[in-house]
Amino acid sequence: MAKRNQERENKKNAAGRLAEFLAVPQAAISAESHIEIRGNKEAIIEGAQGVLEYCDETIKISLDRKAVKFSGRSLNLKGMDGDSIIIDGFILSIEFT
Amino acid sequence: MFLLKFIRFIKGYISFTATGSFIERFLNLAAKNRIGIWGAKKKGETMTAFTSAADYKSLSAIAGVSGTSLKADGRHGLPFITKRYSRRTGVLAGALVLALTLYFMTKFIWSVNITGNSALSQEEIAAELDSLGLKIGAYIDSIDFDEIQQKALIDLDELSWMGISLDGTTVLIEVRERGELPEIIDKDEACNIIAAKTGLIKSMKVFSGRAEVSAGDAVLKGQLLVNSIYTDKNGKSALNHARAEIIALIEEDKTFEVNLSGYLKDFTGVEKDLLIIDLFGYKIPLGSGRVPYERYETKSRRKDLVILGKTLPLALISEQYREYSSKPFELTPEEAEEKTASLVLEYESAELSQAIILRRDFTKKQANGKYITNAHYLYETDIAREQPILAEQIKILEALGIYINK
């Protein structure tokens, strides 16, 4: 298990080094999740693994090996398709766990 | 976003309510199965959202696995609308018949608009075109517009040019008549000066351009008198708006004819009115279409039905028939002479109003029941006529290094 984690870590580091070498954003090359925020009204999450928690005030999304929690008011899932999720509402905070 | 909404409408979508304690699990399973969900709103244990019509069945199975109950609230989009109306065959058949009728009707001429005529009436031009097959109700694909244009120009001597174009179901006919006044050319536009008549140049005043003839020269009608191309002080050729006053002596013959006997229309005062509906060129009289007079004159007024600026192939024609009897008349040579004098006066005031008449000789004779007067005129007038230079010609001149002086 530890060996597999180590291999994955090495792969990620290699992608990071290649991105640095090509002077492009790391997200363009690596398979890591990508979050885009428009003001505090909308967030687009790509590479989501699933919804862990969903209510009016909190939406918690599972990412690769972590999770991101959006807190706010009137939060909704505007769209959900495969590994992409769009959240809208009044986002007050974003927290990685 | 509009495109996405349009695609969803075309494919059809369902609004649903999911109720249960494991909504998150339900959403995750849907995402895992690549089922798109949008517009989700959650209140407590109830969530409302939308999914495509094709995915709803799969979503029902997922709801069962995740312990969520699913209820379809509404079906939206084209597949459901089509399904809803598929049982109403009458509506569908009506829509189909309407579409086919509209398509069929666009294959026929709905209206004919004639512009640019003054000496010839619209009725005369329309009658000629009618005889050639171009009329309201004619099948568009069967009409050879070029052939009709050529034949109409041959038949109607008064016309010098005709343009026929088709705008949907309306035929637009633009005509130019012979003997029309020359168009006034903008002073910034390049033009030559040509001879309006054949004659002998008496005097010349050239205001701009290069003179090609001089006083004492005999010139023919249409001959170039002043060239718009001239050489400026730098030795460069330029094109400008030629202006000149060229007075020439003109000799001209004109014949005036008056009938010594014939028939005059004597209206009896008896009239008949008739309303006619014109539908696609078919005339339906509202009443008896028979005119009970032996000799009569017809006055016709047509009112086309126009909706939103589009002339429809439906018109109301009101016709008035006025009875007359033929009254014979005979003129004495003195009366014929008097009538000729008024014709001469009419001609001179219309055609020679700008000329100074130096001499007029008349020879008179009677032949074939007519009083014929041959007039020989000698007059002087300005024969300078501006002739525009076409865009194509300007392009060629520019290619030769001649610039336009404005």
# chains A, B, ... in the order shown; residues from 1 in each chain; ligands from 1
>>> interface_residues(of="chain A", to="chain B", cutoff="6 Å", atoms="only C-alpha atoms", output="PyMOL selection string")
chain A and resi 50-51+76-82
>>> write_last_selection(atoms="all heavy atoms", output="compact mmCIF listing (two decimals), in the first residue's frame")
# COMPACT_ATOMS: atom_id res chain seq x y z
N GLY A 50 -17.37 12.43 -5.93
CA GLY A 50 -18.73 12.19 -5.43
C GLY A 50 -19.15 13.27 -4.45
O GLY A 50 -18.35 14.13 -4.08
N VAL A 51 -20.43 13.19 -4.05
CA VAL A 51 -20.96 14.17 -3.09
C VAL A 51 -20.99 13.50 -1.71
O VAL A 51 -21.59 12.43 -1.55
CB VAL A 51 -22.38 14.61 -3.49
CG1 VAL A 51 -22.94 15.65 -2.52
CG2 VAL A 51 -22.38 15.18 -4.91
N ASN A 76 -26.91 25.04 -4.07
CA ASN A 76 -27.57 24.02 -4.90
C ASN A 76 -26.58 23.37 -5.83
O ASN A 76 -25.54 23.96 -6.16
CB ASN A 76 -28.64 24.69 -5.78
CG ASN A 76 -29.83 25.15 -4.98
OD1 ASN A 76 -30.37 24.39 -4.18
ND2 ASN A 76 -30.20 26.40 -5.18
N LEU A 77 -26.96 22.18 -6.31
CA LEU A 77 -26.16 21.52 -7.35
C LEU A 77 -26.77 21.93 -8.69
O LEU A 77 -27.81 21.42 -9.07
CB LEU A 77 -26.19 20.00 -7.19
CG LEU A 77 -25.44 19.42 -6.00
CD1 LEU A 77 -25.69 17.94 -5.88
CD2 LEU A 77 -23.94 19.67 -6.18
N LYS A 78 -26.13 22.88 -9.31
CA LYS A 78 -26.69 23.39 -10.58
C LYS A 78 -26.59 22.35 -11.69
O LYS A 78 -27.46 22.24 -12.55
CB LYS A 78 -25.93 24.66 -10.97
CG LYS A 78 -26.56 25.43 -12.12
CD LYS A 78 -25.74 26.65 -12.42
CE LYS A 78 -26.27 27.39 -13.63
NZ LYS A 78 -25.40 28.51 -13.98
N GLY A 79 -25.50 21.61 -11.64
CA GLY A 79 -25.32 20.56 -12.64
C GLY A 79 -24.37 19.50 -12.14
O GLY A 79 -23.47 19.80 -11.34
N MET A 80 -24.59 18.28 -12.63
CA MET A 80 -23.73 17.17 -12.19
C MET A 80 -23.67 16.19 -13.35
O MET A 80 -24.69 15.70 -13.82
CB MET A 80 -24.40 16.53 -10.97
CG MET A 80 -23.47 15.70 -10.15
SD MET A 80 -24.33 15.13 -8.70
CE MET A 80 -23.21 13.85 -8.22
N ASP A 81 -22.47 15.99 -13.84
CA ASP A 81 -22.35 15.09 -14.99
C ASP A 81 -20.99 14.40 -14.93
O ASP A 81 -19.97 15.03 -15.10
CB ASP A 81 -22.49 15.92 -16.29
CG ASP A 81 -22.70 15.04 -17.50
OD1 ASP A 81 -22.66 13.81 -17.34
OD2 ASP A 81 -22.92 15.58 -18.59
N GLY A 82 -20.99 13.12 -14.68
CA GLY A 82 -19.73 12.36 -14.56
C GLY A 82 -18.91 12.90 -13.41
O GLY A 82 -19.37 12.92 -12.27
>>> residues_around(residues="Glu36 of chain A", least_positions_apart="5", cutoff="8 Å", atoms="only C-alpha atoms", output="list in words")
Ala43, Ile44 and Ile45 of chain A
>>> atom_distance(atom1="atom CA of Thr311 of chain B", atom2="atom CA of Ala95 of chain B")
23.6 Å
>>> residues_around(residues="segment 225-231 of chain B", least_positions_apart="4", cutoff="12 Å", atoms="only C-alpha atoms", output="number ranges by chain")
B: 189-198, 201, 204-215, 217-221, 235-248, 383-389, 394, 397-398, 400-406
>>> atom_distance(atom1="atom CA of Ile317 of chain B", atom2="atom CA of Ile109 of chain B")
18.2 Å
>>> residues_around(residues="Asp273 of chain B", least_positions_apart="4", cutoff="9 Å", atoms="only C-alpha atoms", output="VMD selection string")
chain B and resid 318 to 321
>>> write_last_selection(atoms="C-alpha atoms", output="PDB file, in the first residue's frame")
ATOM      1  CA  SER B 318     -64.380  48.005 -59.855  1.00  0.00           C
ATOM      2  CA  GLU B 319     -65.202  48.497 -63.523  1.00  0.00           C
ATOM      3  CA  GLN B 320     -67.371  51.175 -65.061  1.00  0.00           C
ATOM      4  CA  TYR B 321     -68.793  50.767 -68.559  1.00  0.00           C
TER       5      TYR B 321
END
>>> select_by_dssp(residues="segment 24-189 of chain B", states="helix (DSSP H, G or I)", output="ChimeraX atom specification")
/B:24-32,53-66,78-86,89-105,122-131,140-142,145-155
>>> closest_residue(among="A:Thr97, A:Ser84, A:Asn40, A:Ser71", to="Cys55 of chain A", atoms="only C-alpha atoms")
A:Ser71
>>> closest_residue(among="B:Ser52, B:Thr46, B:Thr298, B:Thr268", to="Ile10 of chain B", atoms="only C-alpha atoms")
B:Ser52
>>> atom_distance(atom1="atom CA of Gly137 of chain B", atom2="atom CA of Asp167 of chain B")
15.0 Å
>>> residues_around(residues="segment 65-74 of chain B", least_positions_apart="3", cutoff="6 Å", atoms="only C-alpha atoms", output="PDB file with C-alpha atoms, in the first residue's frame")
ATOM      1  CA  ILE B  14     -37.973  15.184 -16.929  1.00  0.00           C
ATOM      2  CA  SER B  15     -38.295  17.098 -13.670  1.00  0.00           C
ATOM      3  CA  PHE B  16     -38.336  14.791 -10.680  1.00  0.00           C
ATOM      4  CA  THR B  17     -38.431  14.719  -6.880  1.00  0.00           C
ATOM      5  CA  ALA B  18     -36.128  12.380  -4.974  1.00  0.00           C
ATOM      6  CA  THR B  19     -36.955  11.720  -1.306  1.00  0.00           C
ATOM      7  CA  GLY B  20     -34.858   9.818   1.179  1.00  0.00           C
ATOM      8  CA  PHE B  26     -28.161   8.579  -5.004  1.00  0.00           C
ATOM      9  CA  ILE B  62     -30.389   3.810  -9.040  1.00  0.00           C
TER      10      ILE B  62
END
